[in-house]
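Undergrad: upload19.txt is the file, holding compact mmCIF, C-alpha atoms:
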```txt
# COMPACT_ATOMS: atom_id res chain seq x y z
CA MET Y 1 8.41 -222.84 -81.74
CA LYS Y 2 9.83 -220.33 -84.20
CA ARG Y 3 11.70 -221.82 -87.14
CA ALA Y 4 15.46 -221.91 -86.53
CA ARG Y 5 17.22 -219.63 -89.00
CA ILE Y 6 19.89 -221.29 -91.16
CA CYS Y 7 22.40 -219.35 -93.24
CA ALA Y 8 23.97 -221.47 -96.00
CA VAL Y 9 27.57 -220.55 -96.74
CA ILE Y 10 28.37 -220.28 -100.43
CA ALA Y 11 32.06 -221.06 -100.90
CA SER Y 12 32.06 -221.89 -104.61
CA GLU Y 13 30.17 -221.31 -107.85
CA ASP Y 14 28.22 -224.56 -107.44
CA LEU Y 15 24.85 -223.19 -108.57
CA PRO Y 16 23.01 -226.56 -108.60
CA ALA Y 17 23.94 -227.16 -104.95
CA ILE Y 18 22.90 -223.62 -104.02
CA LYS Y 19 19.54 -224.12 -105.71
CA LYS Y 20 19.02 -227.48 -104.01
CA VAL Y 21 19.30 -226.08 -100.48
CA GLU Y 22 17.15 -223.03 -101.18
CA PRO Y 23 13.97 -224.49 -99.57
CA LEU Y 24 15.94 -225.48 -96.46
CA VAL Y 25 17.58 -222.18 -95.62
CA ASP Y 26 16.55 -218.66 -94.71
CA LEU Y 27 19.47 -216.75 -96.15
CA TYR Y 28 22.91 -217.21 -97.68
CA GLU Y 29 26.40 -216.03 -96.90
CA VAL Y 30 28.40 -215.18 -100.03
CA ARG Y 31 32.07 -215.80 -99.25
CA ILE Y 32 33.79 -213.43 -101.63
CA ASP Y 33 37.21 -214.55 -100.41
CA LEU Y 34 36.49 -218.21 -101.20
CA ILE Y 35 34.43 -217.92 -104.40
CA GLY Y 36 36.81 -215.54 -106.13
CA GLY Y 37 36.11 -213.40 -109.17
CA GLY Y 38 32.77 -215.00 -110.01
CA TRP Y 39 31.09 -214.08 -106.74
CA GLN Y 40 28.97 -211.29 -108.23
CA GLU Y 41 27.37 -213.60 -110.79
CA VAL Y 42 26.52 -216.04 -107.99
CA ALA Y 43 25.01 -213.27 -105.87
CA LYS Y 44 22.83 -212.05 -108.72
CA LYS Y 45 21.15 -215.46 -108.94
CA LEU Y 46 20.17 -215.71 -105.28
CA LYS Y 47 16.48 -215.62 -104.48
CA LYS Y 48 16.82 -215.20 -100.74
CA PRO Y 49 18.49 -212.54 -98.55
CA TRP Y 50 22.27 -212.75 -98.36
CA ILE Y 51 25.22 -211.74 -96.25
CA ALA Y 52 28.37 -210.51 -97.98
CA CYS Y 53 31.58 -211.70 -96.33
CA ASN Y 54 35.16 -211.15 -97.46
CA ARG Y 55 37.05 -212.73 -94.58
CA ILE Y 56 40.58 -211.66 -93.76
CA ALA Y 57 43.19 -214.39 -93.47
CA ASN Y 58 44.00 -213.91 -89.79
CA GLU Y 59 40.35 -214.62 -88.90
CA GLY Y 60 40.19 -217.81 -90.94
CA GLY Y 61 39.42 -216.35 -94.37
CA GLY Y 62 40.97 -216.64 -97.79
CA TRP Y 63 41.52 -212.98 -98.68
CA HIS Y 64 45.22 -212.22 -99.16
CA LYS Y 65 45.14 -208.96 -101.12
CA ASP Y 66 45.26 -205.47 -99.63
CA GLU Y 67 42.66 -204.13 -97.22
CA ALA Y 68 41.41 -201.36 -99.48
CA SER Y 69 40.43 -203.79 -102.23
CA ARG Y 70 38.84 -206.12 -99.67
CA ILE Y 71 36.52 -203.37 -98.45
CA GLU Y 72 35.88 -202.31 -102.04
CA GLU Y 73 34.44 -205.77 -102.76
CA LEU Y 74 32.13 -205.48 -99.75
CA LEU Y 75 30.90 -202.10 -100.97
CA LYS Y 76 30.19 -203.68 -104.37
CA ALA Y 77 28.03 -206.18 -102.49
CA VAL Y 78 26.06 -203.32 -100.94
CA GLU Y 79 25.32 -201.98 -104.42
CA LEU Y 80 24.33 -205.48 -105.59
CA GLY Y 81 21.69 -205.64 -102.88
CA ALA Y 82 23.30 -207.56 -100.03
CA ASP Y 83 21.03 -207.44 -96.99
CA ILE Y 84 23.85 -207.78 -94.46
CA ILE Y 85 27.57 -206.95 -94.61
CA ASP Y 86 29.96 -208.89 -92.36
CA ILE Y 87 32.77 -206.65 -91.10
CA GLU Y 88 35.41 -207.83 -88.65
CA LEU Y 89 35.60 -205.90 -85.39
CA GLU Y 90 39.38 -205.74 -85.85
CA ALA Y 91 39.16 -204.43 -89.42
CA LYS Y 92 41.14 -201.31 -90.24
CA ASN Y 93 39.02 -198.19 -90.68
CA LEU Y 94 36.08 -199.95 -89.02
CA PHE Y 95 34.16 -196.77 -88.23
CA GLU Y 96 34.43 -195.46 -91.78
CA THR Y 97 33.34 -198.77 -93.29
CA VAL Y 98 30.35 -199.06 -90.97
CA GLN Y 99 29.26 -195.56 -91.96
CA LEU Y 100 29.49 -196.42 -95.65
CA VAL Y 101 27.26 -199.47 -95.13
CA LYS Y 102 24.69 -198.08 -92.68
CA GLY Y 103 21.38 -197.14 -94.23
CA LYS Y 104 21.99 -199.40 -97.21
CA ALA Y 105 22.50 -202.74 -95.48
CA LYS Y 106 22.72 -204.11 -91.94
CA CYS Y 107 26.14 -204.37 -90.32
CA LEU Y 108 27.14 -207.72 -88.84
CA LEU Y 109 30.29 -207.10 -86.81
CA SER Y 110 32.23 -210.30 -86.26
CA SER Y 111 35.03 -211.59 -84.09
CA HIS Y 112 36.71 -214.96 -84.63
CA HIS Y 113 38.91 -216.70 -82.08
CA LEU Y 114 40.66 -219.50 -83.95
CA THR Y 115 42.57 -221.17 -81.13
CA ALA Y 116 40.41 -221.19 -78.00
CA THR Y 117 37.24 -220.13 -76.18
CA LEU Y 118 38.15 -217.24 -73.91
CA PRO Y 119 36.31 -216.57 -70.61
CA LEU Y 120 32.76 -215.26 -70.74
CA ALA Y 121 33.76 -211.91 -69.24
CA TYR Y 122 36.14 -211.31 -72.14
CA LEU Y 123 33.61 -212.36 -74.76
CA LYS Y 124 31.01 -210.04 -73.23
CA LYS Y 125 33.41 -207.14 -73.71
CA VAL Y 126 33.76 -208.13 -77.37
CA VAL Y 127 29.98 -207.92 -77.86
CA GLU Y 128 29.89 -204.57 -76.06
CA GLN Y 129 32.57 -203.28 -78.43
CA GLN Y 130 30.60 -204.52 -81.43
CA LEU Y 131 27.44 -202.80 -80.27
CA ALA Y 132 29.32 -199.58 -79.56
CA ALA Y 133 30.77 -199.68 -83.08
CA GLY Y 134 27.28 -199.80 -84.61
CA ALA Y 135 26.56 -203.51 -85.02
CA ASP Y 136 23.03 -204.46 -86.04
CA ILE Y 137 24.07 -208.08 -85.50
CA CYS Y 138 26.95 -209.30 -83.31
CA LYS Y 139 28.88 -212.44 -84.17
CA VAL Y 140 31.37 -214.05 -81.78
CA ILE Y 141 32.95 -217.32 -82.87
CA THR Y 142 35.42 -219.30 -80.78
CA THR Y 143 37.10 -222.70 -80.97
CA ALA Y 144 36.04 -225.48 -78.60
CA HIS Y 145 38.57 -227.64 -76.77
CA GLN Y 146 36.11 -228.99 -74.20
CA LEU Y 147 32.36 -229.46 -74.09
CA GLU Y 148 32.00 -226.67 -71.53
CA ASP Y 149 33.07 -224.18 -74.23
CA ASN Y 150 29.66 -224.68 -75.84
CA LEU Y 151 27.96 -223.35 -72.72
CA THR Y 152 30.28 -220.34 -72.58
CA VAL Y 153 29.42 -219.10 -76.07
CA LEU Y 154 25.73 -219.87 -75.75
CA GLN Y 155 25.58 -217.87 -72.53
CA LEU Y 156 26.49 -214.79 -74.56
CA ILE Y 157 23.09 -215.04 -76.23
CA THR Y 158 21.25 -214.91 -72.91
CA GLU Y 159 23.52 -212.15 -71.57
CA PHE Y 160 22.49 -209.92 -74.51
CA SER Y 161 18.88 -210.99 -74.92
CA LYS Y 162 17.81 -207.67 -76.46
CA ALA Y 163 20.49 -207.79 -79.18
CA LYS Y 164 20.85 -209.96 -82.27
CA ILE Y 165 23.67 -212.35 -81.43
CA VAL Y 166 25.36 -215.20 -83.30
CA ALA Y 167 27.60 -217.18 -80.96
CA PHE Y 168 29.00 -220.68 -81.27
CA ALA Y 169 32.28 -222.60 -81.19
CA MET Y 170 34.10 -224.16 -84.12
CA GLY Y 171 35.67 -227.61 -84.19
CA PRO Y 172 34.24 -231.08 -83.56
CA LEU Y 173 33.62 -230.29 -79.90
CA GLY Y 174 31.66 -227.17 -80.81
CA ILE Y 175 29.02 -228.80 -83.00
CA ALA Y 176 26.47 -228.71 -80.18
CA SER Y 177 26.72 -224.92 -79.96
CA ARG Y 178 26.24 -224.59 -83.73
CA ILE Y 179 23.00 -226.56 -83.45
CA LEU Y 180 21.78 -224.86 -80.28
CA CYS Y 181 22.62 -221.26 -81.21
CA PRO Y 182 19.25 -220.40 -82.85
CA LEU Y 183 17.35 -222.61 -80.40
CA ALA Y 184 18.83 -220.60 -77.53
CA GLY Y 185 17.71 -217.32 -79.08
CA GLY Y 186 20.63 -216.68 -81.43
CA TYR Y 187 19.97 -214.81 -84.65
CA LEU Y 188 21.09 -217.64 -86.96
CA THR Y 189 23.51 -220.49 -87.44
CA TYR Y 190 25.66 -221.33 -90.43
CA ALA Y 191 25.69 -224.45 -92.59
CA SER Y 192 27.48 -225.68 -95.70
CA ILE Y 193 25.50 -226.13 -98.91
CA LYS Y 194 26.82 -229.69 -99.15
CA THR Y 195 29.45 -232.06 -97.76
CA GLY Y 196 32.93 -231.03 -98.83
CA GLN Y 197 32.15 -227.33 -99.06
CA GLU Y 198 32.45 -226.46 -95.38
CA SER Y 199 33.94 -223.04 -94.67
CA ALA Y 200 34.96 -223.89 -91.08
CA SER Y 201 35.61 -226.88 -88.86
CA GLY Y 202 32.51 -228.47 -87.39
CA GLN Y 203 30.11 -226.94 -89.92
CA MET Y 204 27.18 -229.22 -90.75
CA THR Y 205 25.24 -229.33 -94.00
CA ALA Y 206 22.03 -227.35 -94.32
CA GLU Y 207 20.17 -230.59 -95.01
CA ASP Y 208 21.35 -232.26 -91.79
CA LEU Y 209 20.65 -229.17 -89.70
CA ARG Y 210 17.15 -228.74 -91.05
CA LYS Y 211 16.37 -232.38 -90.25
CA ILE Y 212 17.42 -231.81 -86.64
CA TYR Y 213 15.36 -228.62 -86.34
CA ALA Y 214 12.33 -230.22 -87.96
CA THR Y 215 12.39 -232.90 -85.27
CA VAL Y 216 12.75 -230.35 -82.47
CA GLU Y 217 10.10 -228.01 -83.87
CA SER Y 218 7.60 -230.84 -84.30
CA GLY Y 219 8.05 -231.81 -80.66
CA LYS Y 220 8.79 -235.42 -81.50
```
Turn this file's structure into C-alpha cells for me.

TA:
Amino acid sequence: MKRARICAVIASEDLPAIKKVEPLVDLYEVRIDLIGGGWQEVAKKLKKPWIACNRIANEGGGWHKDEASRIEELLKAVELGADIIDIELEAKNLFETVQLVKGKAKCLLSSHHLTATLPLAYLKKVVEQQLAAGADICKVITTAHQLEDNLTVLQLITEFSKAKIVAFAMGPLGIASRILCPLAGGYLTYASIKTGQESASGQMTAEDLRKIYATVESGK
C-alpha cells in the first residue's frame, strides 16, 4: 500500500514542533493568515514541500485585511518557493490569480462549507468548476452533522478518480473522512503539528494520524 500523504498545518511560529513532525509528514501548509508577519521566516526553514494558504474569513480563515494584500502575500509565497498555492474558488479575480501562479507553482483550488455537507450532486459541480478554473488539485471541505456525510465527501474522490482530490468533512463526526481521505485515493489529508494548534474542528495531530496509517499499511 502506498504511504498515506499527510500535510501538517503550520499555524504558529513554533519551530521546535514543526521540526519534530518533519519525519512524519510529506508536506506542510503554511497558514499565512494564522501565523502573521513572521510566516516568511517560518517558510524559509522548511525542508519539505509546502502549500501557501491565506484563508479568507468567510471560509474559516483569519485574514481580515483587503483582498489585494491577501493575494499579494500568496504571490510572495510563490517567489519564496511554495510548491502549491491554495486559492479559494470564490476568490475575487480568481482567473487572474491562477494565471499569475501557473507555471511557478501548482494551484489548489478550494471550497469550504462551514455549516453542512451538501448533496453529492452539488459537490460534484464544485469540483467541475475547480477543474474548469485550472485546478491542479481540487479541495472540497464540508461540515459533518451525521456519519453519512463522511461517505458523501469520500465519494467525490471516486467520482473524479483521474483528478487530484482532497475531500473530507470537518467536525467531530467528520474525523473518519479525514483519516480515510488518502486511503480512498485522495491526494492528502491535513493534520496539526501538535495538540492545541488545530486549524479546524476535528483535525488530528500528525503523530496520531501516522500511527493509524502505519498500522493500516503494515496490514496488522

Undergrad: Rank Y:Leu74, Y:Leu188, Y:Ile157, Y:Ala169 by their smallest atom-to-atom distance to Thr117 in chain Y, using all atoms listed in the file, and report the top residue only.

TA: Y:Ala169

Undergrad: So the first atom is CA of Ser218 in chain Y and the second is CA of Ala200 in chain Y; what is the distance between them in Å, to one decimal place?

TA: 29.0 Å

Undergrad: I'd like the neighbourhood of Ile10 in chain Y as an MDAnalysis selection string, where a residue qualifies if any of its atoms comes within 9 Å (using all atoms listed in the file), though same-chain residues fewer than 5 positions away should be ignored.

TA: chainID Y and resid 18 28:32 34:35 42 192:193 197:199

Undergrad: Have a look at CA of Glu72 in chain Y and CA of Gly134 in chain Y and let me know their distance in Å, one decimal.

TA: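 Separation of CA of Glu72 in chain Y and CA of Gly134 in chain Y: 19.6 Å.
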
Undergrad: Which residue gives the smallest distance to His113 in chain Y among Y:Val140, Y:Leu147, Y:Leu15, Y:Ile165, with only C-alpha atoms counted?

TA: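 Smallest separation from His113 in chain Y among the options: Y:Val140.
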
Undergrad: Work out how far CA of Glu59 in chain Y is from CA of Asn93 in chain Y, in Å to one decimal.

TA: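 Spanning CA of Asn93 in chain Y to CA of Glu59 in chain Y is a straight-line distance of 16.6 Å.
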
Undergrad: Looking at all atoms listed in the file, which of Y:Ala191, Y:Ile179, Y:Leu27, Y:Met170 is the one that sits closest to Gln146 in chain Y?

TA: Y:Met170

Undergrad: Could you name the residues that touch range 121-129 of chain Y at 8 Å or less, counting only C-alpha atoms, but leaving out those on the same chain fewer than 5 positions away, as a list in words?

TA: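 Near neighbours after the sequence-gap exclusion: Ser111, Cys138, Lys139, Val140, Leu156 and Glu159 of chain Y.
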
Undergrad: For the selection you just gave me, I'd like the residues written to a file as a PDB file, in the coordinates of the input, keeping C-alpha atoms.

TA:
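Result saved to result01.pdb:
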```pdb
ATOM      1  CA  SER Y 111      35.030-211.590 -84.090  1.00  0.00           C
ATOM      2  CA  CYS Y 138      26.950-209.300 -83.310  1.00  0.00           C
ATOM      3  CA  LYS Y 139      28.880-212.440 -84.170  1.00  0.00           C
ATOM      4  CA  VAL Y 140      31.370-214.050 -81.780  1.00  0.00           C
ATOM      5  CA  LEU Y 156      26.490-214.790 -74.560  1.00  0.00           C
ATOM      6  CA  GLU Y 159      23.520-212.150 -71.570  1.00  0.00           C
TER       7      GLU Y 159
END
```

Undergrad: Could you make a table, as JSON lines, of the residues of range 91-180 of chain Y that have an atom within 12 Å of an atom of range 207-210 of chain Y, each with its nearest atom pair and distance in Å to one decimal, counting all atoms listed in the file, in chain and number order?

TA:
```
{"residue": "Y:Ile175", "atom": "CA", "partner": "Y:Leu209", "partner_atom": "CA", "distance": 10.7}
{"residue": "Y:Ala176", "atom": "CA", "partner": "Y:Leu209", "partner_atom": "CA", "distance": 11.2}
{"residue": "Y:Arg178", "atom": "CA", "partner": "Y:Leu209", "partner_atom": "CA", "distance": 9.4}
{"residue": "Y:Ile179", "atom": "CA", "partner": "Y:Leu209", "partner_atom": "CA", "distance": 7.2}
{"residue": "Y:Leu180", "atom": "CA", "partner": "Y:Leu209", "partner_atom": "CA", "distance": 10.4}
```

Undergrad: Given only C-alpha atoms as the basis, pick out the residue of Y:Val25, Y:Leu154, Y:Ala91, Y:Leu109 nearest to Ser177 in chain Y.

TA: Y:Leu154

Undergrad: If we count only C-alpha atoms and set the cut-off at 12 Å, which residues sit around Asp136 in chain Y, ignoring sequence neighbours fewer than 5 positions away in its own chain? Please answer as a VMD selection string.

TA: chain Y and resid 83 to 87 98 101 to 103 105 to 110 127 130 to 131 162 to 166 187

Undergrad: If you keep C-alpha atoms, can you produce a file of those selected residues as a short mmCIF file (atom, residue, chain, number, x, y, z; two decimals), in the frame of the given file?

TA:
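What follows is the written file out33.cif:
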```cif
data_model
loop_
_atom_site.label_atom_id
_atom_site.label_comp_id
_atom_site.auth_asym_id
_atom_site.auth_seq_id
_atom_site.Cartn_x
_atom_site.Cartn_y
_atom_site.Cartn_z
CA ASP Y 83 21.03 -207.44 -96.99
CA ILE Y 84 23.85 -207.78 -94.46
CA ILE Y 85 27.57 -206.95 -94.61
CA ASP Y 86 29.96 -208.89 -92.36
CA ILE Y 87 32.77 -206.65 -91.10
CA VAL Y 98 30.35 -199.06 -90.97
CA VAL Y 101 27.26 -199.47 -95.13
CA LYS Y 102 24.69 -198.08 -92.68
CA GLY Y 103 21.38 -197.14 -94.23
CA ALA Y 105 22.50 -202.74 -95.48
CA LYS Y 106 22.72 -204.11 -91.94
CA CYS Y 107 26.14 -204.37 -90.32
CA LEU Y 108 27.14 -207.72 -88.84
CA LEU Y 109 30.29 -207.10 -86.81
CA SER Y 110 32.23 -210.30 -86.26
CA VAL Y 127 29.98 -207.92 -77.86
CA GLN Y 130 30.60 -204.52 -81.43
CA LEU Y 131 27.44 -202.80 -80.27
CA LYS Y 162 17.81 -207.67 -76.46
CA ALA Y 163 20.49 -207.79 -79.18
CA LYS Y 164 20.85 -209.96 -82.27
CA ILE Y 165 23.67 -212.35 -81.43
CA VAL Y 166 25.36 -215.20 -83.30
CA TYR Y 187 19.97 -214.81 -84.65
#
```

Undergrad: For Thr143 in chain Y, which residue out of Y:Thr115, Y:Glu67, Y:Leu24, Y:Glu73 is the nearest one, using only C-alpha atoms?

TA: Y:Thr115

Undergrad: What lies within 9 Å of Phe95 in chain Y using only C-alpha atoms, ignoring chain neighbours under 4 positions off, as an MDAnalysis selection string?

TA: chainID Y and resid 99:100 133:134

Undergrad: Under the rule that all atoms listed in the file are counted, which of Y:Ser201, Y:Thr215, Y:Thr158, Y:Thr189 is the nearest residue to Leu120 in chain Y?

TA: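 Nearest candidate to Leu120 in chain Y out of Y:Ser201, Y:Thr215, Y:Thr158, Y:Thr189: Y:Thr158.
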
Undergrad: For range 69-85 of chain Y, I'd like the enclosing box, axis-aligned and padded by 3 Å on every side, reported as AutoDock Vina command-line options with centre and edge lengths in Å to one decimal.

TA:
```
--center_x 30.7 --center_y -204.9 --center_z -100.0 --size_x 25.4 --size_y 11.8 --size_z 17.1
```
